Amino acid sequence: MSIPQSGGGPIEHHDQLAQYLADGCKPKEDWRIGTEHEKFGYIKDTLTPLPFEGKQSIVAVLEGLRDRYGWTEVREGGHLTGLELDGANVSLEPGGALELSGAPLETIHGTCDEVNEHLRQVKDISDEIGVGFIGLGAAPTWMHDEMPLMPKGRYKLMDAYMGKVGTMGRTMMRRTCTVQVNLDFGSEADMVQKLRVALALQPVAVALFANSPFFEGKPNGHKSWRSRVWRDLDPARTGMLPFVFEDGFGFEAWVQYALDVPMYFVYRDGKYIDALGMSFRDFLKGQLPALPGEKPTLSDWADHLTTAFPEARIKKFIEMRGADGGPWRRLCALPAFWTGLMYDQGALDAAWDLVKGWDAETREGLRVAASIDGLQAKVGDVSMMDIARQSLEISKAGLQARARPGAGGLIPDETHFLNALHESVETGQTPADELLARYNGDWNGDLNRIFDEYSY
C-alpha cells in the first residue's frame with residue numbers, strides 16, 4: 001500500500017491534474033525500474049501470523065533492520081511503521097505483510113541485487129528471533145480474525161469501507177501479497193501504448209506468477225486466489241478499464257476516471273481524515289464535507305491516485321499489478337518480463353500487435369480464466385499458453401536489444417532473469433501447480449509443510 005505522497009501545492013486550475021501525470025514523462029535514458037514485493041511473516045514455532053508488537057513481531061523485525069543495517073525509521077501516530085534507505089523503503093501491508101519498495105534502478109541486475117540484499121537482511125534478523133517469511137499470493141492457512149490490522153490511519157479507514165463495497169476487500173488487505181514493477185514512459189503516446197499492453201497482458205502475468213492455490217487451509221479451486229479476490233473488491237476502483245482502449249485516451253481521460261473513484265481520505269498534519277465515499281470533484285469546488293471550504297493540493301491528488309486499484313495504473317509512472325507474490329526467482333522475473341516488453345520500442349510494438357485485436361470481453365475473460373486455470377486458461381480461440389510463450393519471446397528480444405550487461409560485463413544482458421518463466425511455459429507448471437502437486441503428493445494434505453519448504 002502506498003505511503004503519503006508529496007505532490008506539491010494548491011490546485012488552482014483543472015489542467016494541473018493532467019499535468020501532474022504528464023510531469024512523469026522522461027527521456028529514455030532516464031527510464032528506471034522500481035520493484036515492489038510483499039511477503040507474509042509468521043512465528044516459526046506456532047506458524048501463526050506476526051503480531052505488530054512483541055519479541056517476535058513486525059516491530060522487532062523493523063527495529064532489527066534499523067539498528068543493524070542503518071535504515072531510517074518512519075513513524076505514524078507514535079508507532080514504528082516503516083523504514084527508508086537510499087531511495088528504497090520498507091512498509092507494512094494492512095495485515096502485517098512486509099513490503100520492500102525498491103529504489104528506481106537502471107537494470108534488472110541492480111534490482112535483483114537489491115532484492116537479494118533485502119531478503120538477506122530480513123532473514124538475518126528473523127532467524128535470531130524465531131520468525132520466518134514466505135512469498136505467496138495468499139495466506140495459505142490463516143483465518144481473517146488471526147490477522148492483525150496495522151496501526152495506520154489509512155488502513156483503519158479502508159477496513160471500515162471495504163465491507164460496504166464488495167465481499168473481498170478485507171481479504172485483500174490482510175491475506176494477499178504481490179510483486180509489482182513500476183516503469184517510466186517518455187510521452188503521452190508512449191504512456192498510452194504501454195498502459196494498453198500492460199492491461200491486456202496482465203492476465204498473462206497472473207497466469208505465469210500464479211502462486212495462491214490455497215486459502216484457509218485447503219485448495220481453493222484457483223491457481224491465483226489473489227486474482228480472484230481482486231475481482232470482487234470494489235468495482236469503482238478495480239478492473240481492466242475498457243476506456244483505456246478507446247480512441248482519444250490520454251492523461252485527461254485518466255483524470256476523469258480518477259475523479260470518479262470515490263475518496264478514502266485526506267492526509268493532514270500526520271493524520272488521515274475520513275472522506276470515505278466522497279467526491280474529489282466536490283473537493284475541487286471546496287465542497288468536500290470532510291473539509292468544508294478547503295480545496296485540494298497536488299499532494300492530495302497524488303494521494304487520491306493511489307486509491308485506484310486497476311490491474312495496471314498510472315501515476316507519474318506505470319504500475320504492473322497482476323502478479324502473485326512468490327519465490328526469489330520470480331521476484332526478479334517479474335520486472336524482467338515487463339521491462340523487456342516495455343523498454344524497447346520494437347518489443348512494445350510487437351506486444352501491441354499481439355493484443356490489439358482483442359475486445360473488452362476477451363480481455364476480461366482472460367483475467368477471469370487466468371485466476372482459475374493459470375497457463376491452462378482458454379478464452380474462445382485464445383490460448384493462455386500461446387500468449388505466454390509469445391509474450392516471453394517478445395520480452396526476451398526486448399531485453400536482448402537493451403543489452404544491459406551484469407557481473408562486470410560477464411553476463412551480456414538481462415534475459416537469464418526470464419528463465420523461471422521459460423520453464424513454466426515449457427512444462428506448463430506454475431508455482432501453484434507445483435504446490436498443488438506437493439499437497440496432493442508427498443505432503444499428504446499437510447499444508448503446514450509449505451512453511452518449512454517454501455520460506456525465504
# chains A, B, ... in the order shown; residues from 1 in each chain; ligands from 1

$ residues_around --residues "region 26-35 of chain A" --least-positions-apart "3" --cutoff "9 Å" --atoms "only C-alpha atoms" --output "number ranges by chain"
A: 23, 100-108, 111, 115, 179-187, 331-332, 334-335, 339, 343

$ closest_atom_pairs --of "region 287-393 of chain A" --to "region 428-440 of chain A" --cutoff "9 Å" --atoms "only C-alpha atoms" --output "JSON lines"
{"residue": "A:Gly326", "atom": "CA", "partner": "A:Pro431", "partner_atom": "CA", "distance": 7.9}
{"residue": "A:Pro327", "atom": "CA", "partner": "A:Pro431", "partner_atom": "CA", "distance": 8.4}
{"residue": "A:Gly374", "atom": "CA", "partner": "A:Thr430", "partner_atom": "CA", "distance": 7.6}
{"residue": "A:Leu375", "atom": "CA", "partner": "A:Gly428", "partner_atom": "CA", "distance": 6.5}
{"residue": "A:Gln376", "atom": "CA", "partner": "A:Gly428", "partner_atom": "CA", "distance": 7.6}
{"residue": "A:Met385", "atom": "CA", "partner": "A:Gly428", "partner_atom": "CA", "distance": 7.7}

$ residues_around --residues "Val90 (chain A)" --least-positions-apart "5" --cutoff "9 Å" --atoms "only C-alpha atoms" --output "count of residues only"
11

$ residues_around --residues "Ile411 (chain A)" --least-positions-apart "5" --cutoff "12 Å" --atoms "only C-alpha atoms" --output "CSV table (one decimal) with N, CA and C atoms, in the first residue's frame"
chain,number,residue,atom,x,y,z
A,108,ILE,N,17.8,-4.8,-14.4
A,108,ILE,CA,17.3,-5.9,-13.6
A,108,ILE,C,18.4,-6.5,-12.7
A,109,HIS,N,19.7,-6.4,-13.2
A,109,HIS,CA,20.8,-6.8,-12.3
A,109,HIS,C,20.8,-6.1,-11.0
A,400,GLN,N,17.3,-8.5,-24.9
A,400,GLN,CA,18.5,-8.6,-25.7
A,400,GLN,C,18.8,-7.3,-26.4
A,403,ALA,N,20.4,-4.9,-24.0
A,403,ALA,CA,21.8,-5.3,-23.9
A,403,ALA,C,22.5,-4.6,-22.7
A,404,ARG,N,21.8,-4.8,-21.5
A,404,ARG,CA,22.4,-4.2,-20.3
A,404,ARG,C,23.2,-5.3,-19.6
A,405,PRO,N,24.5,-5.2,-19.6
A,405,PRO,CA,25.3,-6.3,-19.0
A,405,PRO,C,25.3,-6.3,-17.5
A,406,GLY,N,25.7,-7.4,-16.9
A,406,GLY,CA,25.8,-7.6,-15.5
A,406,GLY,C,27.1,-8.3,-15.1
A,416,HIS,N,18.5,-13.8,-18.7
A,416,HIS,CA,18.5,-15.0,-17.8
A,416,HIS,C,17.5,-14.9,-16.7
A,417,PHE,N,17.1,-13.6,-16.4
A,417,PHE,CA,16.1,-13.5,-15.3
A,417,PHE,C,14.7,-14.0,-15.7

$ residues_around --residues "Gln345 (chain A)" --least-positions-apart "2" --cutoff "12 Å" --atoms "only C-alpha atoms" --output "count of residues only"
24

$ atom_distance --atom1 "CA of Gly96 (chain A)" --atom2 "CA of Thr176 (chain A)"
10.5 Å

$ closest_atom_pairs --of "region 128-220 of chain A" --to "region 231-253 of chain A" --cutoff "9 Å" --atoms "only C-alpha atoms" --output "tab-separated table"
residue	atom	partner	partner_atom	distance
A:Met162	CA	A:Leu233	CA	7.4
A:Lys164	CA	A:Asp234	CA	9.0
A:Val165	CA	A:Asp234	CA	5.4
A:Gly166	CA	A:Leu233	CA	4.8
A:Thr167	CA	A:Asp232	CA	6.1
A:Met168	CA	A:Leu233	CA	5.1
A:Gly169	CA	A:Leu233	CA	4.6
A:Arg170	CA	A:Leu233	CA	8.3
A:Thr171	CA	A:Leu233	CA	8.8
A:Met172	CA	A:Leu233	CA	7.7
A:Glu188	CA	A:Gly250	CA	6.4
A:Ala189	CA	A:Gly250	CA	7.6
A:Met191	CA	A:Gly250	CA	7.9
A:Val192	CA	A:Gly250	CA	6.3
A:Leu195	CA	A:Val244	CA	7.7
A:Arg196	CA	A:Phe245	CA	6.4
A:Leu199	CA	A:Met240	CA	6.2
A:Ala200	CA	A:Met240	CA	7.9
A:Gln202	CA	A:Met240	CA	8.9

$ write_last_selection --atoms "C-alpha atoms" --output "PDB file, in the first residue's frame"
ATOM      1  CA  MET A 162     -14.237  -2.351   2.335  1.00  0.00           C
ATOM      2  CA  LYS A 164     -19.600  -1.897   2.210  1.00  0.00           C
ATOM      3  CA  VAL A 165     -18.465  -2.081  -1.417  1.00  0.00           C
ATOM      4  CA  GLY A 166     -17.536  -5.728  -2.064  1.00  0.00           C
ATOM      5  CA  THR A 167     -17.082  -9.077  -0.398  1.00  0.00           C
ATOM      6  CA  MET A 168     -13.303  -9.483  -0.526  1.00  0.00           C
ATOM      7  CA  GLY A 169     -11.752  -6.113   0.278  1.00  0.00           C
ATOM      8  CA  ARG A 170     -10.749  -7.091   3.784  1.00  0.00           C
ATOM      9  CA  THR A 171      -9.347 -10.342   2.493  1.00  0.00           C
ATOM     10  CA  MET A 172      -7.190  -8.386   0.044  1.00  0.00           C
ATOM     11  CA  GLU A 188       1.636  10.715 -23.581  1.00  0.00           C
ATOM     12  CA  ALA A 189       1.587   8.482 -26.670  1.00  0.00           C
ATOM     13  CA  MET A 191       2.125   6.007 -21.899  1.00  0.00           C
ATOM     14  CA  VAL A 192      -0.988   5.091 -23.886  1.00  0.00           C
ATOM     15  CA  LEU A 195      -0.755   1.051 -20.498  1.00  0.00           C
ATOM     16  CA  ARG A 196      -2.802  -0.735 -23.150  1.00  0.00           C
ATOM     17  CA  LEU A 199      -3.663  -4.107 -19.126  1.00  0.00           C
ATOM     18  CA  ALA A 200      -4.117  -6.577 -21.980  1.00  0.00           C
ATOM     19  CA  GLN A 202      -1.822  -8.549 -17.150  1.00  0.00           C
TER      20      GLN A 202
END

$ residues_around --residues "Ala60 (chain A)" --least-positions-apart "4" --cutoff "12 Å" --atoms "only C-alpha atoms" --output "list in words"
Gly41, Ile43, Leu50, Pro51, Phe52, Glu53, Gly54, Lys55, Gln56, Gly64, Leu65, Arg66, Asp67, Arg68, Leu80, Thr81, Gly82, Val122, Ile125, Ser126, Asp127, Glu128, Ile129, Gly130 and Val131 of chain A

$ write_last_selection --atoms "C-alpha atoms" --output "compact mmCIF listing (two decimals), in the first residue's frame"
# COMPACT_ATOMS: atom_id res chain seq x y z
CA GLY A 41 5.71 -13.05 8.28
CA ILE A 43 6.24 -17.18 14.14
CA LEU A 50 3.29 -11.99 13.29
CA PRO A 51 1.67 -9.59 15.73
CA PHE A 52 2.52 -5.93 15.44
CA GLU A 53 4.47 -5.73 18.71
CA GLY A 54 6.38 -8.12 20.95
CA LYS A 55 9.59 -10.15 20.96
CA GLN A 56 8.50 -11.96 17.78
CA GLY A 64 16.46 -5.04 13.83
CA LEU A 65 16.75 -3.69 10.29
CA ARG A 66 17.02 -0.16 11.63
CA ASP A 67 19.67 -0.90 14.22
CA ARG A 68 21.82 -3.34 12.26
CA LEU A 80 7.19 2.37 14.00
CA THR A 81 5.51 1.57 10.69
CA GLY A 82 8.28 1.70 8.09
CA VAL A 122 15.35 -9.75 6.80
CA ILE A 125 17.05 -10.50 11.82
CA SER A 126 14.20 -13.00 11.59
CA ASP A 127 16.28 -16.11 12.29
CA GLU A 128 17.52 -14.59 15.53
CA ILE A 129 14.00 -14.07 16.88
CA GLY A 130 12.35 -17.25 15.57
CA VAL A 131 10.44 -15.58 12.74

$ closest_residue --among "A:Arg174, A:Arg75, A:Arg449, A:Arg228" --to "Met158 (chain A)" --atoms "only C-alpha atoms"
A:Arg174

$ select_by_dssp --residues "region 62-167 of chain A" --states "alpha helix (DSSP H)" --output "tab-separated table (two decimals) with C-alpha atoms, in the first residue's frame"
chain	number	residue	atom	x	y	z
A	62	LEU	CA	11.80	-3.32	11.73
A	63	GLU	CA	13.90	-2.41	14.77
A	64	GLY	CA	16.46	-5.04	13.83
A	65	LEU	CA	16.75	-3.69	10.29
A	66	ARG	CA	17.02	-0.16	11.63
A	67	ASP	CA	19.67	-0.90	14.22
A	68	ARG	CA	21.82	-3.34	12.26
A	69	TYR	CA	21.62	-2.04	8.71
A	108	ILE	CA	17.33	-5.88	-13.56
A	109	HIS	CA	20.80	-6.82	-12.32
A	110	GLY	CA	20.59	-3.94	-9.87
A	111	THR	CA	17.02	-4.79	-8.97
A	112	CYS	CA	17.91	-8.39	-8.20
A	113	ASP	CA	20.91	-7.36	-6.12
A	114	GLU	CA	18.59	-5.11	-4.13
A	115	VAL	CA	16.06	-7.91	-3.59
A	116	ASN	CA	18.80	-10.33	-2.53
A	117	GLU	CA	20.27	-7.89	-0.03
A	118	HIS	CA	16.87	-7.08	1.43
A	119	LEU	CA	15.93	-10.73	1.88
A	120	ARG	CA	19.33	-11.46	3.41
A	121	GLN	CA	18.88	-8.66	5.91
A	122	VAL	CA	15.35	-9.75	6.80
A	123	LYS	CA	16.45	-13.36	7.22
A	124	ASP	CA	19.38	-12.37	9.48
A	125	ILE	CA	17.05	-10.50	11.82
A	126	SER	CA	14.20	-13.00	11.59
A	127	ASP	CA	16.28	-16.11	12.29
A	128	GLU	CA	17.52	-14.59	15.53
A	129	ILE	CA	14.00	-14.07	16.88
A	153	GLY	CA	-4.83	5.64	9.75
A	154	ARG	CA	-5.25	4.80	6.07
A	155	TYR	CA	-5.84	1.14	6.84
A	156	LYS	CA	-8.37	1.81	9.57
A	157	LEU	CA	-10.46	3.88	7.15
A	158	MET	CA	-10.12	1.38	4.30
A	159	ASP	CA	-11.06	-1.53	6.55
A	160	ALA	CA	-14.29	0.19	7.55
A	161	TYR	CA	-15.17	0.98	3.93
A	162	MET	CA	-14.24	-2.35	2.33
A	163	GLY	CA	-17.11	-4.22	3.92
A	164	LYS	CA	-19.60	-1.90	2.21
A	165	VAL	CA	-18.47	-2.08	-1.42

$ closest_residue --among "A:Asp260, A:Glu426, A:Glu73, A:Glu453" --to "Ser279 (chain A)" --atoms "only C-alpha atoms"
A:Asp260

$ select_by_dssp --residues "region 186-341 of chain A" --states "strand (DSSP E or B)" --output "MDAnalysis selection string"
chainID A and resid 212 214:215 218:219 224 265:268 271:274 297 312:314 318:320 324

$ residues_around --residues "Asp373 (chain A)" --least-positions-apart "2" --cutoff "10 Å" --atoms "only C-alpha atoms" --output "PyMOL selection string"
chain A and resi 207+210+221-224+366+368-371+375-378+384+432-433

$ closest_residue --among "A:Thr72, A:Phe40, A:Thr415, A:Pro10" --to "Gly87 (chain A)" --atoms "only C-alpha atoms"
A:Thr72

$ atom_distance --atom1 "CA of Gly95 (chain A)" --atom2 "CA of Val206 (chain A)"
22.0 Å

$ closest_residue --among "A:Thr178, A:Gln287, A:Asn89, A:Asn211" --to "Pro140 (chain A)" --atoms "only C-alpha atoms"
A:Asn211

$ closest_residue --among "A:Tyr454, A:Phe209, A:Trp225, A:Tyr42" --to "Asp324 (chain A)" --atoms "only C-alpha atoms"
A:Phe209

$ closest_residue --among "A:Leu201, A:Ile134, A:Ile372, A:Leu92" --to "Pro148 (chain A)" --atoms "only C-alpha atoms"
A:Leu92

$ atom_distance --atom1 "CA of Met278 (chain A)" --atom2 "CA of Ala258 (chain A)"
12.6 Å
